[in-house]
>>> print(open('input00.txt').read())   # compact mmCIF, C-alpha atoms
# COMPACT_ATOMS: atom_id res chain seq x y z
CA MET A 1 -129.61 87.01 -51.52
CA GLN A 2 -132.25 86.79 -48.80
CA PHE A 3 -134.37 83.76 -48.06
CA VAL A 4 -137.87 84.54 -46.88
CA SER A 5 -138.78 81.32 -45.12
CA GLN A 6 -135.68 80.67 -43.00
CA ARG A 7 -136.32 79.59 -39.50
CA PRO A 8 -133.80 79.00 -36.71
CA TYR A 9 -131.96 75.69 -37.25
CA THR A 10 -132.55 73.84 -33.99
CA VAL A 11 -130.57 70.80 -32.88
CA MET A 12 -131.18 68.64 -29.83
CA LEU A 13 -128.18 66.82 -28.39
CA ILE A 14 -128.76 63.96 -25.97
CA VAL A 15 -126.19 61.89 -24.14
CA PRO A 16 -128.14 59.90 -21.55
CA THR A 17 -126.63 60.01 -18.11
CA GLY A 18 -125.57 56.91 -16.24
CA VAL A 19 -125.25 54.63 -19.28
CA GLY A 20 -121.48 54.67 -19.64
CA ALA A 21 -121.38 56.87 -22.72
CA ALA A 22 -117.81 56.97 -24.05
CA VAL A 23 -118.34 60.68 -24.77
CA GLY A 24 -120.37 62.48 -22.16
CA GLY A 25 -120.34 59.82 -19.49
CA TYR A 26 -117.72 61.57 -17.36
CA ALA A 27 -117.01 65.12 -16.24
CA GLY A 28 -118.74 67.24 -18.83
CA ASP A 29 -116.72 65.60 -21.58
CA ALA A 30 -119.50 66.11 -24.12
CA LEU A 31 -119.24 69.87 -23.68
CA PRO A 32 -116.85 70.20 -26.65
CA VAL A 33 -119.45 68.43 -28.78
CA ALA A 34 -122.06 70.92 -27.59
CA ARG A 35 -119.77 73.84 -28.33
CA ALA A 36 -119.16 72.57 -31.86
CA ILE A 37 -122.85 71.93 -32.57
CA ALA A 38 -123.69 75.38 -31.20
CA GLN A 39 -121.53 76.79 -33.98
CA VAL A 40 -123.50 75.08 -36.78
CA ALA A 41 -126.96 75.45 -35.27
CA ASP A 42 -128.97 78.56 -34.47
CA ARG A 43 -130.21 76.88 -31.31
CA LEU A 44 -128.94 73.91 -29.35
CA ILE A 45 -131.22 72.16 -26.87
CA THR A 46 -129.37 69.88 -24.50
CA HIS A 47 -129.31 68.79 -20.90
CA PRO A 48 -127.18 69.27 -17.76
CA ASN A 49 -125.21 66.05 -18.23
CA VAL A 50 -123.79 67.49 -21.44
CA LEU A 51 -123.07 71.03 -20.23
CA ASN A 52 -122.02 70.43 -16.61
CA GLY A 53 -118.29 70.18 -15.92
CA ALA A 54 -118.34 70.83 -12.17
CA GLN A 55 -115.99 73.78 -11.85
CA LEU A 56 -115.89 74.06 -15.62
CA TYR A 57 -118.60 75.26 -17.97
CA TRP A 58 -118.86 77.28 -21.14
CA PRO A 59 -121.55 79.91 -21.65
CA LEU A 60 -123.21 79.22 -24.99
CA PRO A 61 -125.64 82.04 -25.83
CA ASN A 62 -127.63 79.84 -28.20
CA ALA A 63 -127.79 76.75 -25.97
CA LEU A 64 -130.82 75.89 -23.86
CA TYR A 65 -130.10 74.04 -20.63
CA VAL A 66 -133.04 71.66 -20.23
CA GLU A 67 -133.26 68.99 -17.53
CA GLY A 68 -133.84 65.43 -18.76
CA TYR A 69 -137.43 64.99 -17.62
CA ALA A 70 -138.36 68.32 -19.19
CA LEU A 71 -136.52 67.26 -22.34
CA ASP A 72 -138.70 64.15 -22.59
CA GLN A 73 -141.90 66.15 -22.09
CA PHE A 74 -140.73 68.74 -24.60
CA ALA A 75 -139.95 66.06 -27.18
CA ALA A 76 -143.41 64.57 -26.64
CA GLY A 77 -144.96 67.94 -27.41
CA ARG A 78 -146.48 68.33 -23.95
CA TRP A 79 -144.15 71.12 -22.77
CA GLY A 80 -142.61 74.07 -24.51
CA LEU A 81 -139.50 76.07 -23.67
CA ARG A 82 -139.51 79.81 -23.03
CA PRO A 83 -136.06 81.45 -23.20
CA VAL A 84 -135.25 83.90 -20.42
CA HIS A 85 -132.65 86.54 -19.77
CA GLN A 86 -132.17 85.49 -16.16
CA ASN A 87 -133.55 83.12 -13.55
CA ARG A 88 -133.51 83.66 -9.81
CA VAL A 89 -131.95 80.39 -8.65
CA GLY A 90 -132.94 78.79 -5.36
CA LEU A 91 -130.55 76.42 -3.61
CA VAL A 92 -131.67 73.33 -1.70
CA LEU A 93 -129.08 71.80 0.60
CA ASP A 94 -129.50 68.31 2.02
CA CYS A 95 -129.40 68.52 5.82
CA GLY A 96 -127.29 65.38 5.65
CA ILE A 97 -124.31 67.43 4.43
CA GLU A 98 -121.66 68.03 7.09
CA PRO A 99 -121.30 71.66 8.26
CA ASP A 100 -117.91 72.31 6.63
CA LEU A 101 -119.00 70.81 3.32
CA ARG A 102 -122.21 72.81 3.48
CA GLN A 103 -120.14 75.94 3.98
CA ARG A 104 -118.07 75.09 0.91
CA HIS A 105 -121.26 74.95 -1.15
CA LEU A 106 -122.51 78.25 0.19
CA GLN A 107 -119.16 79.83 -0.63
CA ALA A 108 -119.33 78.41 -4.14
CA ALA A 109 -122.80 79.91 -4.50
CA ASP A 110 -121.63 83.27 -3.18
CA ALA A 111 -118.70 83.16 -5.60
CA THR A 112 -121.08 82.86 -8.54
CA ARG A 113 -122.97 85.87 -7.24
CA ALA A 114 -119.90 88.05 -6.76
CA THR A 115 -117.80 86.94 -9.73
CA LEU A 116 -120.46 86.01 -12.28
CA GLY A 117 -123.34 88.23 -11.15
CA LEU A 118 -125.83 85.36 -10.83
CA SER A 119 -129.10 85.95 -9.02
CA LEU A 120 -129.68 83.55 -6.13
CA SER A 121 -132.40 83.55 -3.52
CA ASP A 122 -131.80 82.65 0.11
CA TYR A 123 -131.26 78.93 0.47
CA VAL A 124 -133.27 76.17 2.16
CA VAL A 125 -131.99 73.16 4.09
CA THR A 126 -134.14 70.03 3.95
CA ASP A 127 -136.02 69.03 7.10
CA ALA A 128 -134.63 65.46 6.89
CA PRO A 129 -131.51 63.84 5.43
CA LEU A 130 -132.42 62.82 1.90
CA GLY A 131 -130.53 59.53 2.12
CA VAL A 132 -129.14 58.50 -1.29
CA THR A 133 -128.65 54.86 -2.22
CA LEU A 134 -126.87 53.83 -5.41
CA GLN A 135 -127.56 50.77 -7.54
CA THR A 136 -126.85 49.34 -10.96
CA ALA A 137 -129.59 47.94 -13.16
CA ALA A 138 -129.35 44.74 -15.19
CA SER A 139 -128.42 46.72 -18.31
CA GLY A 140 -125.38 48.20 -16.58
CA ALA A 141 -126.98 51.63 -16.29
CA THR A 142 -126.73 53.17 -12.86
CA TRP A 143 -129.67 54.36 -10.93
CA GLY A 144 -130.47 55.22 -7.36
CA THR A 145 -133.05 56.58 -5.03
CA ILE A 146 -133.49 58.89 -2.05
CA GLN A 147 -135.12 57.76 1.16
CA ASN A 148 -136.93 61.04 1.83
CA PRO A 149 -138.15 62.47 -1.47
CA ASP A 150 -140.96 64.30 0.30
CA SER A 151 -138.43 66.32 2.30
CA LEU A 152 -136.80 67.40 -0.96
CA LEU A 153 -140.13 68.48 -2.43
CA ARG A 154 -141.08 70.44 0.69
CA ALA A 155 -137.81 72.34 0.47
CA VAL A 156 -138.34 73.14 -3.20
CA ASP A 157 -141.88 74.24 -2.52
CA LYS A 158 -140.60 76.75 0.06
CA LEU A 159 -138.06 78.17 -2.37
CA ILE A 160 -140.63 78.69 -5.06
CA THR A 161 -143.49 80.00 -2.95
CA GLN A 162 -141.58 81.97 -0.32
CA ALA A 163 -138.26 82.92 -1.91
CA GLY A 164 -139.44 83.51 -5.47
CA ALA A 165 -137.04 80.99 -6.95
CA GLU A 166 -137.51 80.42 -10.69
CA ALA A 167 -134.98 77.59 -11.02
CA ILE A 168 -133.79 75.06 -8.46
CA ALA A 169 -130.29 73.81 -7.69
CA VAL A 170 -130.23 70.75 -5.46
CA VAL A 171 -127.21 69.55 -3.53
CA VAL A 172 -127.55 66.11 -1.95
CA ARG A 173 -124.98 64.26 0.15
CA PHE A 174 -123.81 61.22 -1.81
CA PRO A 175 -121.87 58.24 -0.44
CA ASP A 176 -118.11 58.76 -0.76
CA ASP A 177 -117.12 55.10 -1.33
CA GLU A 178 -113.56 56.05 -2.17
CA GLY A 179 -112.19 52.58 -2.72
CA SER A 180 -114.96 51.22 -4.89
CA ASP A 181 -114.12 49.66 -8.24
CA ALA A 182 -116.79 51.77 -9.91
CA LEU A 183 -115.23 55.01 -8.71
CA GLN A 184 -111.73 53.91 -9.61
CA GLN A 185 -112.86 53.01 -13.10
CA TYR A 186 -114.67 56.32 -13.44
CA ARG A 187 -111.54 58.23 -12.45
CA GLN A 188 -109.68 56.35 -15.19
CA GLY A 189 -112.30 57.44 -17.73
CA GLN A 190 -113.85 53.98 -17.87
CA GLY A 191 -117.05 52.37 -16.72
CA VAL A 192 -120.31 53.97 -15.78
CA ASP A 193 -120.71 57.02 -13.57
CA PRO A 194 -121.94 55.44 -10.33
CA LEU A 195 -123.73 58.61 -9.22
CA ALA A 196 -125.45 59.61 -12.42
CA GLY A 197 -128.59 57.53 -12.22
CA ALA A 198 -129.47 58.78 -8.76
CA GLU A 199 -128.75 62.35 -9.77
CA ALA A 200 -131.20 62.06 -12.63
CA VAL A 201 -133.91 60.75 -10.30
CA ILE A 202 -133.48 63.75 -8.01
CA SER A 203 -133.80 66.42 -10.67
CA HIS A 204 -136.53 64.54 -12.56
CA LEU A 205 -138.62 64.47 -9.39
CA VAL A 206 -138.35 68.22 -8.92
CA VAL A 207 -139.11 69.03 -12.54
CA ARG A 208 -142.06 66.66 -12.74
CA THR A 209 -143.59 68.12 -9.58
CA PHE A 210 -142.93 71.82 -10.04
CA ARG A 211 -142.25 72.32 -13.78
CA VAL A 212 -139.25 74.53 -13.15
CA PRO A 213 -135.66 74.22 -14.37
CA CYS A 214 -133.63 72.08 -12.01
CA ALA A 215 -130.19 70.52 -11.81
CA HIS A 216 -128.26 68.62 -9.20
CA ALA A 217 -124.75 68.70 -7.79
CA PRO A 218 -123.61 65.87 -5.49
CA ALA A 219 -121.92 66.77 -2.22
CA LEU A 220 -118.83 64.61 -1.76
CA LEU A 221 -115.58 64.83 0.15
CA PRO A 222 -112.51 65.61 -1.98
CA LEU A 223 -110.64 62.59 -3.30
CA PRO A 224 -106.91 61.99 -2.75
CA LEU A 225 -104.62 62.92 -5.61
CA ASP A 226 -104.51 60.32 -8.38
CA PRO A 227 -101.61 60.80 -10.82
CA LEU A 228 -103.45 58.61 -13.32
CA LEU A 229 -106.66 60.64 -13.31
CA ALA A 230 -108.14 60.57 -16.82
CA PRO A 231 -108.48 63.94 -18.56
CA LYS A 232 -112.18 63.47 -19.15
CA SER A 233 -112.80 62.87 -15.45
CA ALA A 234 -110.51 65.65 -14.25
CA ALA A 235 -113.02 68.52 -14.17
CA GLU A 236 -114.72 67.02 -11.14
CA GLU A 237 -111.56 67.02 -9.04
CA LEU A 238 -110.64 70.69 -9.26
CA GLY A 239 -112.50 72.00 -6.24
CA HIS A 240 -114.66 71.32 -3.26
CA THR A 241 -118.04 71.25 -5.06
CA PHE A 242 -119.70 70.44 -8.37
CA LEU A 243 -121.96 73.46 -8.00
CA PRO A 244 -120.69 76.29 -10.23
CA CYS A 245 -121.69 74.76 -13.56
CA VAL A 246 -125.17 73.98 -12.18
CA LEU A 247 -125.79 77.54 -11.07
CA VAL A 248 -124.50 78.94 -14.36
CA GLY A 249 -126.69 76.61 -16.37
CA LEU A 250 -129.80 77.29 -14.32
CA SER A 251 -129.28 81.04 -14.40
CA ARG A 252 -130.43 81.11 -18.04
CA ALA A 253 -132.32 77.83 -18.36
CA PRO A 254 -135.58 78.23 -20.27
CA GLN A 255 -138.81 78.23 -18.34
CA ILE A 256 -141.36 75.52 -19.04
CA VAL A 257 -144.69 76.27 -20.66
CA SER A 258 -147.38 73.68 -21.09
CA GLN A 259 -150.37 73.21 -23.30
CA ILE A 260 -153.14 72.40 -20.92
CA VAL A 261 -156.55 72.31 -22.45
CA SER A 262 -159.62 72.76 -20.32
CA PRO A 263 -162.78 70.89 -21.25
CA ILE A 264 -165.87 72.81 -22.23
CA VAL A 265 -168.69 70.90 -20.57
CA ASP A 266 -172.32 71.07 -21.58
CA GLN A 267 -173.84 71.28 -18.14
CA THR A 268 -177.27 70.12 -19.30
CA VAL A 269 -176.00 66.70 -20.28
CA GLY A 270 -172.72 66.63 -18.39
CA GLN A 271 -170.74 65.89 -21.53
CA THR A 272 -167.52 67.41 -22.76
CA VAL A 273 -168.29 69.16 -25.99
CA GLY A 274 -164.98 70.89 -26.70
CA GLN A 275 -161.76 72.19 -25.30
CA MET A 276 -160.05 75.49 -24.88
CA GLY A 277 -157.10 77.33 -23.60
CA THR A 278 -153.44 77.08 -22.90
CA GLN A 279 -151.97 77.47 -19.47
CA ASN A 280 -149.64 80.20 -20.58
CA PRO A 281 -150.46 82.62 -23.38
CA ALA A 282 -148.10 81.79 -26.22
CA GLN A 283 -145.15 84.09 -26.78
CA PRO A 284 -143.29 84.50 -30.07
CA GLY A 285 -140.03 83.08 -28.71
CA ASP A 286 -141.53 79.88 -27.31
CA ILE A 287 -139.99 76.71 -28.67
CA TRP A 288 -141.90 73.50 -29.30
CA ALA A 289 -140.87 70.06 -30.45
CA ASN A 290 -142.05 70.62 -34.01
CA GLN A 291 -139.25 73.19 -34.34
CA VAL A 292 -136.48 70.65 -33.69
CA ASP A 293 -134.67 70.03 -36.96
CA ALA A 294 -132.22 67.36 -35.84
CA LEU A 295 -131.55 65.09 -32.88
CA VAL A 296 -128.06 63.71 -32.20
CA VAL A 297 -127.74 60.66 -29.95
CA PRO A 298 -125.33 57.78 -29.29
CA ALA A 299 -126.01 54.95 -31.73
CA THR A 300 -126.96 52.38 -29.09
CA ALA A 301 -129.11 54.70 -26.98
CA CYS A 302 -132.12 55.09 -29.25
CA GLY A 303 -134.59 53.60 -26.78
CA GLY A 304 -135.27 56.70 -24.75
CA SER A 305 -138.53 58.59 -24.57
CA ALA A 306 -137.30 61.70 -26.38
CA VAL A 307 -135.89 59.70 -29.31
CA LEU A 308 -139.09 57.73 -29.73
CA SER A 309 -141.18 60.92 -29.59
CA LEU A 310 -139.13 62.86 -32.12
CA SER A 311 -138.73 59.87 -34.44
CA GLN A 312 -142.40 60.36 -35.29
CA SER A 313 -141.81 63.90 -36.53
CA ARG A 314 -139.74 65.57 -39.24
CA THR A 315 -136.80 65.75 -36.90
CA ARG A 316 -133.76 64.18 -38.53
CA LEU A 317 -132.22 61.53 -36.27
CA ILE A 318 -128.41 61.30 -36.35
CA THR A 319 -126.78 58.44 -34.47
CA VAL A 320 -123.10 58.43 -33.49
CA GLY A 321 -121.41 55.03 -33.52
CA SER A 322 -118.21 55.89 -31.65
CA ASN A 323 -120.16 57.04 -28.61
CA THR A 324 -120.70 53.56 -27.21
CA THR A 325 -122.99 53.03 -24.21
CA ARG A 326 -124.24 50.15 -22.08
CA MET A 327 -127.57 50.35 -23.90
CA GLN A 328 -128.18 48.04 -26.86
CA VAL A 329 -130.90 49.77 -28.82
CA THR A 330 -130.00 51.03 -32.25
CA ALA A 331 -132.27 53.00 -34.54
CA ALA A 332 -132.43 50.02 -36.88
CA SER A 333 -133.59 47.67 -34.12
CA LEU A 334 -136.65 49.89 -33.64
CA GLY A 335 -137.15 50.63 -37.31
CA LEU A 336 -136.33 54.32 -36.86
CA PRO A 337 -135.03 56.14 -39.93
CA ALA A 338 -131.67 57.69 -39.08
CA ILE A 339 -128.41 58.97 -40.48
CA ALA A 340 -125.75 56.74 -38.95
CA VAL A 341 -122.34 58.36 -38.59
CA ASN A 342 -119.22 57.14 -36.88
CA SER A 343 -118.13 60.22 -34.98
CA TYR A 344 -119.33 63.59 -33.75
CA LEU A 345 -117.11 65.15 -36.38
CA GLU A 346 -119.17 63.38 -39.01
CA ALA A 347 -122.34 64.34 -37.17
CA LEU A 348 -121.34 67.98 -37.54
CA GLY A 349 -120.98 67.43 -41.26
CA ALA A 350 -124.41 65.80 -41.42
CA LEU A 351 -125.90 68.78 -39.60
CA VAL A 352 -124.26 71.25 -41.95
CA ALA A 353 -125.58 69.37 -44.97
CA HIS A 354 -129.03 69.08 -43.46
CA ARG A 355 -129.14 72.75 -42.64
CA ALA A 356 -128.04 73.59 -46.17
CA GLY A 357 -130.76 71.41 -47.64
CA ILE A 358 -128.25 68.99 -49.17
CA ASP A 359 -128.95 65.29 -49.44
CA PRO A 360 -125.91 63.60 -47.84
CA THR A 361 -125.71 61.11 -50.70
CA ALA A 362 -124.83 63.99 -53.01
CA LEU A 363 -121.56 64.35 -51.15
CA ASP A 364 -120.42 60.81 -52.00
CA PRO A 365 -118.20 60.08 -55.03
CA GLN A 366 -120.79 57.68 -56.44
CA LEU A 367 -124.39 58.79 -56.87
CA PRO A 368 -126.67 56.17 -58.44
CA ALA A 369 -129.39 57.26 -60.84
CA LEU A 370 -132.99 57.57 -59.75
CA GLN A 371 -135.01 54.35 -59.89
CA PRO A 372 -138.72 53.70 -60.41
CA LEU A 373 -140.41 53.42 -57.04
CA ASP A 374 -141.92 50.00 -57.77
CA LYS A 375 -138.48 48.53 -58.35
CA THR A 376 -137.18 49.88 -55.03
CA LEU A 377 -140.18 48.62 -53.12
CA ASN A 378 -139.82 45.18 -54.67
CA ARG A 379 -136.17 45.05 -53.72
CA LYS A 380 -137.01 45.98 -50.13
CA ALA A 381 -139.73 43.37 -49.98
CA ASN A 382 -137.23 40.76 -51.15
CA GLY A 383 -134.69 41.93 -48.61
CA LYS A 384 -132.29 43.15 -51.25
CA CYS A 385 -131.88 46.67 -49.92
CA MET B 1 -143.50 58.48 -1.66
CA LEU B 2 -141.38 55.55 -2.78
CA ILE B 3 -139.03 55.56 -5.74
CA GLN B 4 -138.60 52.19 -7.44
CA LEU B 5 -136.72 50.69 -10.35
CA ILE B 6 -138.82 48.33 -12.42
CA GLU B 7 -137.87 46.12 -15.32
CA LEU B 8 -140.38 44.80 -17.78
CA GLU B 9 -140.75 43.35 -21.25
CA ILE B 10 -143.09 44.50 -23.97
CA GLY B 11 -143.77 42.96 -27.34
CA LEU B 12 -142.57 45.14 -30.18
CA LEU B 13 -145.32 46.86 -32.14
CA PRO B 14 -145.20 47.94 -35.78
CA ALA B 15 -145.67 51.65 -35.05
CA VAL B 16 -143.50 53.64 -32.65
CA ALA B 17 -146.52 55.57 -31.40
CA GLU B 18 -148.24 52.33 -30.43
CA LEU B 19 -145.10 51.11 -28.68
CA GLU B 20 -144.84 54.36 -26.69
CA THR B 21 -148.46 54.11 -25.63
CA ALA B 22 -148.03 50.49 -24.61
CA ILE B 23 -144.97 51.34 -22.54
CA ALA B 24 -146.74 54.24 -20.83
CA THR B 25 -149.74 52.05 -20.02
CA ARG B 26 -147.60 49.29 -18.53
CA LEU B 27 -145.55 51.75 -16.48
CA GLN B 28 -148.67 53.38 -15.07
CA GLN B 29 -149.60 50.00 -13.60
CA HIS B 30 -146.51 50.27 -11.40
CA GLY B 31 -146.47 53.97 -10.56
CA GLU B 32 -145.84 57.42 -11.98
CA PRO B 33 -142.88 57.26 -14.39
CA LEU B 34 -139.85 59.45 -13.75
CA ARG B 35 -137.49 57.98 -16.27
CA TRP B 36 -137.57 55.03 -18.66
CA ALA B 37 -135.75 53.62 -21.60
CA ILE B 38 -135.74 50.56 -23.80
CA THR B 39 -132.37 49.05 -22.94
CA GLN B 40 -132.31 46.02 -25.20
CA ILE B 41 -134.24 44.48 -28.08
CA ASP B 42 -134.67 40.73 -28.54
CA PRO B 43 -135.16 40.46 -32.32
CA VAL B 44 -136.01 36.75 -32.19
CA ARG B 45 -138.77 37.04 -29.60
CA GLN B 46 -139.60 40.59 -30.79
CA ILE B 47 -139.42 41.85 -27.23
CA ALA B 48 -138.27 45.19 -25.85
CA HIS B 49 -136.62 45.21 -22.41
CA ILE B 50 -137.41 48.33 -20.45
CA GLU B 51 -135.92 49.77 -17.29
CA ALA B 52 -137.86 52.52 -15.58
CA VAL B 53 -137.90 54.52 -12.39
CA VAL B 54 -141.37 55.18 -11.01
CA THR B 55 -142.79 56.83 -7.93
CA VAL B 56 -145.53 55.35 -5.81
CA GLY B 57 -147.61 57.50 -3.47
CA ASP B 58 -147.28 61.26 -4.05
CA ASP B 59 -147.54 63.26 -0.84
CA HIS B 60 -145.06 65.88 0.35
CA SER B 61 -147.06 67.44 3.13
CA SER B 62 -145.24 68.56 6.28
CA PRO B 63 -143.97 65.85 8.66
>>> encode(input="input00.txt", output="structure tokens")
Amino acid sequence: MQFVSQRPYTVMLIVPTGVGAAVGGYAGDALPVARAIAQVADRLITHPNVLNGAQLYWPLPNALYVEGYALDQFAAGRWGLRPVHQNRVGLVLDCGIEPDLRQRHLQAADATRATLGLSLSDYVVTDAPLGVTLQTAASGATWGTIQNPDSLLRAVDKLITQAGAEAIAVVVRFPDDEGSDALQQYRQGQGVDPLAGAEAVISHLVVRTFRVPCAHAPALLPLPLDPLLAPKSAAEELGHTFLPCVLVGLSRAPQIVSQIVSPIVDQTVGQTVGQMGTQNPAQPGDIWANQVDALVVPATACGGSAVLSLSQSRTRLITVGSNTTRMQVTAASLGLPAIAVNSYLEALGALVAHRAGIDPTALDPQLPALQPLDKTLNRKANGKC
Amino acid sequence: MLIQLIELEIGLLPAVAELETAIATRLQQHGEPLRWAITQIDPVRQIAHIEAVVTVGDDHSSP
């Protein structure tokens, strides 16, 4: 039997970075979730925090590696995604990285060229140390800033305009802070990633300015052996850099297309009388937010821009209770319709049912009969359902 | 360019689209948003707590 109107089943998976997500808040520990969802969806749209495991990664042919700022713009309908076969990746290195550590990163980059066949341009070193500072917000989410963002942007500009880079990998020297409680907790698979918030700021800045795929890898000195290292934090202590997964992800990250409309101005009266145009001629494979069938997020992290944007569309929101975070915003607290499940295993079931066109209630042992609409509305008004 | 964390409160609105617009408008008063999220809801006061990272002053010309 063939169905005429099938379209690719597209799922977006978000695990916000720097919010202490129990799954996905460590060293690529949401990657198994992504791998599983990629099996039930035709396309998976997710972000570097989910797919990056430092030395570890998993190539998913139907997954789109989309940086968080771009994800928000995509969800809002302002940007589209254009799949590619290959990106030429440009590498920005913070001049604040010590020579030996810089060499380690260059060797990691060369290894991806020789062993994986990735395409990299010549690299650029920033003209000033970028100077990362790390902080924690009142919510418990981590964030941070860089002292010289303009230096970062000048370096990226060079890579794009002079080296032909189509995607940008940024490596910034982060504070080592070996004895900090936050780091110790993180290594035990607890707490909030102290670096994550600052990392997000760095890549968001590049993407907002240049509209190219971007991801970040922190430059840190190796940590001493910890026999109690948690499995979900272990991927980040296998080598000298966090770079391989970033380069792999960027090598096939979708390009960004935008809908920019130009005003048609009646010159006689100086009034805008219409609009026209798109910045990039549309291509058949372009993906826009109205093609997202489902969005999977932690249950308490429903206050982000992408969730709010897609909640206003036909996208089915699925919230996962076991993936606790430091955020305290549920779908119910914002009045967002959602399927609430307890685990990612259940989320997979919800996706399968959704894709099959099955109402989840039909899978329960008890299925109440249909009711007249007036009766249901009255019950809701009286707070009875 | 400066990168800043700001925290603000916004009254909840009945429609999500209105809430998004209100958040965007308030953030623009502080700078160009890079990242934001509603981190907590106060159901009694009907207030949304927001944390956001914004940039102020956009110039990356040569030193």
>>> residues_around(input="input00.txt", residues="range 21-33 of chain B", least_positions_apart="3", cutoff="6 Å", atoms="only C-alpha atoms", output="list in words")
Glu18, Val54, Thr55 and Val56 of chain B
>>> interface_residues(input="input00.txt", of="chain B", to="chain A", cutoff="6 Å", atoms="all atoms listed in the file", output="MDAnalysis selection string")
chainID B and resid 37:40 60
>>> atom_distance(input="input00.txt", atom1="CA of Gly117 in chain A", atom2="CA of Val248 in chain A")
9.9 Å
>>> closest_residue(input="input00.txt", among="A:Leu159, A:Ala235, A:Ile318, A:Leu225", to="Leu31 in chain A", atoms="all atoms listed in the file")
A:Ala235
>>> atom_distance(input="input00.txt", atom1="CA of Cys95 in chain A", atom2="CA of Trp36 in chain B")
29.1 Å
>>> closest_residue(input="input00.txt", among="A:His105, A:Arg113, A:Arg173, A:Arg35", to="Pro61 in chain A", atoms="all atoms listed in the file")
A:Arg35
>>> closest_residue(input="input00.txt", among="A:Val246, A:Pro8, A:Leu183, A:Pro337", to="Val40 in chain A", atoms="all atoms listed in the file")
A:Pro8
>>> residues_around(input="input00.txt", residues="Leu12 in chain B", least_positions_apart="6", cutoff="10 Å", atoms="only C-alpha atoms", output="VMD selection string")
(chain A and resid 334) or (chain B and resid 18 to 19 22 41 to 43 45 to 49)
>>> closest_residue(input="input00.txt", among="A:Val89, A:Ala362, A:Ala347, A:Val292", to="Thr319 in chain A", atoms="all atoms listed in the file")
A:Ala347
>>> atom_distance(input="input00.txt", atom1="CA of Gly53 in chain A", atom2="CA of Ala27 in chain A")
5.2 Å
>>> axis_aligned_box(input="input00.txt", around="range 11-23 of chain B", padding_each_side="5 Å", output="JSON")
{"center_x": -145.5, "center_y": 49.3, "center_z": -29.2, "size_x": 15.9, "size_y": 22.6, "size_z": 23.2}
>>> closest_residue(input="input00.txt", among="A:Thr133, A:Asn290, A:Asn52, A:Gln103", to="Gln4 in chain B", atoms="all atoms listed in the file")
A:Thr133
>>> closest_residue(input="input00.txt", among="A:Pro284, A:Pro175, A:Pro218, A:Pro365", to="Ala196 in chain A", atoms="all atoms listed in the file")
A:Pro218
